[in-house]
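Input: a single structure, listed below in C-alpha cells.
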Amino acid sequence: RALHYAARPAGGPGALAVRAAPLGVVLPRSMATVIDGLKYAPSHEWAKVEGDVATVGITDHAQSELGDVVFVELPEVGTVLDAKDTFGVVESVKAASDVYSPIAGEVVEINEDLVNEPGKVNTGAFEDGWMIKVKMSSPADLDEMMDAGAYTKHCDE
C-alpha cells in the first residue's frame with residue numbers, strides 16, 4: 001500500500017471552532033447532499049458507475065461528520081480489492097477513519113490531487129473529492145448498495 005502524506009495543520013486555520021448552544025436549544029443538523037443515480041454503502045462510501053469502472057469516494061454525510069480533512073491515504077494503482085476491503089484512510093482534525101471499497105475489482109486510478117489538497121474531500125465529496133476508480137470484477141456487488149432514497153433514510157436513523 002502506498003502512503004501519501006499531506007501537511008497537517010497544528011492549530012490555527014485548520015482548527016475547529018466549537019459554539020455552545022444555550023441549554024434546551026437544539027441546533028439544526030445540517031442536511032447532507034445525496035445525489036440520485038449513485039449507489040451508497042452503509043459505511044458512507046458512494047459509487048458512480050460508468051461502464052465497468054466505478055468511481056468511489058466518501059459521502060457528503062461522512063465528510064461532514066469527520067470535519068476538516070487534513071490527510072488522505074490511498075492504495076496503489078493495480079491493487080485488487082474485494083467488496084468491503086479497506087482501501088485507505090481519511091484523517092481529519094477530529095478523527096481518522098478507514099475507507100472501504102463497496103465493490104470488488106482492480107484500482108485503475110487514484111485521485112492524486114488529494115495528496116496535496118485533502119480538503120477537496122470536504123469541498124466536493126462527489127466531484128473533486130473522489131478517491132479511486134475501480135474496474136469492477138463483480139458488478140453484482142452494486143446490488144448490495146443503496147439508492148439515494150434508501151441512503152437518505154439510513155442517515156436519518
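Convention: chains lettered A, B, ... in C-alpha cells order; per-chain residue numbering from 1; ligands numbered from 1 as shown.
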Original post:
Using only C-alpha atoms, which residues sit within 12 Å of Lys39 of chain A once same-chain residues fewer than 6 positions away are excluded, as a list in words?
Top reply: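 Final neighbour list, sorted by chain and number: Glu45, Trp46, Ala47, Lys48, Val49, Ala54, Thr55, Val56, Gly57, Ile58, Thr59, Pro102, Ile103, Phe126, Pro139, Asp141, Leu142, Asp143, Glu144, Met145, Met146, Asp147, Ala148, Gly149, Ala150, Tyr151 and Thr152 of chain A.
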Original post:
Can you tell me, as JSON, numbers by chain, what residues are no more than 9 Å from segment 110-119 of chain A when counting only C-alpha atoms, ignoring any on the same chain fewer than 6 positions away?
Top reply: {"A": [4, 5, 6, 7, 68, 69, 70, 71, 72, 73, 74, 75, 76, 77, 90, 128, 129, 130, 131, 132, 133]}
Subject >> Atomic separation - atom CA of Gly67 of chain A relative to atom CA of Thr33 of chain A, Å >> reply: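 Computing it gives 15.2 Å between the two atoms.
DSSP on the backbone gives strand (DSSP E) for these parts of segment 85-132 of chain A: A:Thr86, A:Phe87, A:Gly88, A:Val89, A:Val90, A:Glu91, A:Ser92, A:Ala96, A:Ser97, A:Asp98, A:Val99, A:Tyr100, A:Gly105, A:Glu106, A:Val107, A:Val108, A:Glu109, A:Ile110, A:Ile132.
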DSSP on the backbone, then: every residue of segment 96-127 of chain A marked helix (DSSP H, G or I), written as a compact mmCIF listing (two decimals) with all heavy atoms, in the first residue's frame.
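Below is the file that was written, states-v3.txt:
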```txt
# COMPACT_ATOMS: atom_id res chain seq x y z
N ASP A 113 -4.69 14.37 -6.68
CA ASP A 113 -4.88 15.73 -6.15
C ASP A 113 -5.10 15.73 -4.64
O ASP A 113 -4.80 16.71 -3.96
CB ASP A 113 -6.08 16.42 -6.82
CG ASP A 113 -5.82 16.78 -8.26
OD1 ASP A 113 -4.64 16.73 -8.70
OD2 ASP A 113 -6.79 17.10 -8.97
N LEU A 114 -5.62 14.63 -4.10
CA LEU A 114 -5.91 14.58 -2.66
C LEU A 114 -4.65 14.52 -1.81
O LEU A 114 -4.69 14.81 -0.62
CB LEU A 114 -6.81 13.39 -2.34
CG LEU A 114 -8.20 13.40 -2.99
CD1 LEU A 114 -9.00 12.19 -2.54
CD2 LEU A 114 -8.94 14.69 -2.68
N VAL A 115 -3.53 14.16 -2.42
CA VAL A 115 -2.26 14.11 -1.69
C VAL A 115 -1.92 15.50 -1.15
O VAL A 115 -1.61 15.66 0.03
CB VAL A 115 -1.12 13.58 -2.58
CG1 VAL A 115 0.21 13.66 -1.86
CG2 VAL A 115 -1.42 12.15 -3.01
N ASN A 116 -1.97 16.50 -2.01
CA ASN A 116 -1.62 17.86 -1.62
C ASN A 116 -2.82 18.71 -1.22
O ASN A 116 -2.66 19.75 -0.61
CB ASN A 116 -0.86 18.55 -2.74
CG ASN A 116 0.48 17.89 -3.00
OD1 ASN A 116 1.19 17.54 -2.07
ND2 ASN A 116 0.81 17.69 -4.26
N LYS A 120 -10.22 18.76 -0.57
CA LYS A 120 -11.18 18.59 -1.68
C LYS A 120 -12.27 17.58 -1.30
O LYS A 120 -13.36 17.62 -1.86
CB LYS A 120 -10.46 18.13 -2.95
CG LYS A 120 -9.69 19.24 -3.63
CD LYS A 120 -9.11 18.78 -4.94
CE LYS A 120 -8.47 19.95 -5.67
NZ LYS A 120 -8.14 19.61 -7.05
N VAL A 121 -11.96 16.69 -0.35
CA VAL A 121 -12.97 15.76 0.13
C VAL A 121 -14.11 16.54 0.79
O VAL A 121 -15.27 16.19 0.65
CB VAL A 121 -12.35 14.73 1.11
CG1 VAL A 121 -13.42 13.89 1.79
CG2 VAL A 121 -11.35 13.84 0.39
N ASN A 122 -13.78 17.63 1.49
CA ASN A 122 -14.80 18.45 2.14
C ASN A 122 -15.54 19.35 1.15
O ASN A 122 -16.75 19.51 1.23
CB ASN A 122 -14.18 19.34 3.22
CG ASN A 122 -13.57 18.57 4.35
OD1 ASN A 122 -12.36 18.63 4.55
ND2 ASN A 122 -14.36 17.84 5.11
N THR A 123 -14.81 19.95 0.23
CA THR A 123 -15.43 20.95 -0.65
C THR A 123 -16.15 20.34 -1.84
O THR A 123 -16.98 21.00 -2.45
CB THR A 123 -14.37 21.95 -1.16
OG1 THR A 123 -13.35 21.24 -1.88
CG2 THR A 123 -13.76 22.74 -0.02
```
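Across the structure, atom CA of Ser97 of chain A and atom CA of Leu66 of chain A are spaced 8.2 Å apart.
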**OP:** Show which residues sit within 8 Å of Ser137 of chain A, as a list in words. Count only C-alpha atoms, and ignore same-chain residues fewer than 4 positions away.
**Re:** Ala104, Gly105 and Glu106 of chain A
Let me see the file: selected residues, all heavy atoms, as a PDB file, in the first residue's frame.
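Done, and the output landed in out_1.pdb:
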```pdb
ATOM      1  N   ALA A 104     -15.873  -5.027  -5.608  1.00  0.00           N
ATOM      2  CA  ALA A 104     -14.633  -5.762  -5.876  1.00  0.00           C
ATOM      3  C   ALA A 104     -14.072  -5.343  -7.234  1.00  0.00           C
ATOM      4  O   ALA A 104     -14.821  -5.021  -8.154  1.00  0.00           O
ATOM      5  CB  ALA A 104     -14.901  -7.264  -5.866  1.00  0.00           C
ATOM      6  N   GLY A 105     -12.750  -5.355  -7.334  1.00  0.00           N
ATOM      7  CA  GLY A 105     -12.112  -5.053  -8.599  1.00  0.00           C
ATOM      8  C   GLY A 105     -10.702  -4.538  -8.418  1.00  0.00           C
ATOM      9  O   GLY A 105     -10.140  -4.581  -7.325  1.00  0.00           O
ATOM     10  N   GLU A 106     -10.140  -4.045  -9.511  1.00  0.00           N
ATOM     11  CA  GLU A 106      -8.763  -3.539  -9.525  1.00  0.00           C
ATOM     12  C   GLU A 106      -8.771  -2.021  -9.580  1.00  0.00           C
ATOM     13  O   GLU A 106      -9.483  -1.420 -10.399  1.00  0.00           O
ATOM     14  CB  GLU A 106      -8.021  -4.075 -10.738  1.00  0.00           C
ATOM     15  CG  GLU A 106      -6.590  -3.578 -10.834  1.00  0.00           C
ATOM     16  CD  GLU A 106      -5.865  -4.069 -12.083  1.00  0.00           C
ATOM     17  OE1 GLU A 106      -6.387  -4.975 -12.769  1.00  0.00           O
ATOM     18  OE2 GLU A 106      -4.787  -3.526 -12.367  1.00  0.00           O
TER      19      GLU A 106
END
```
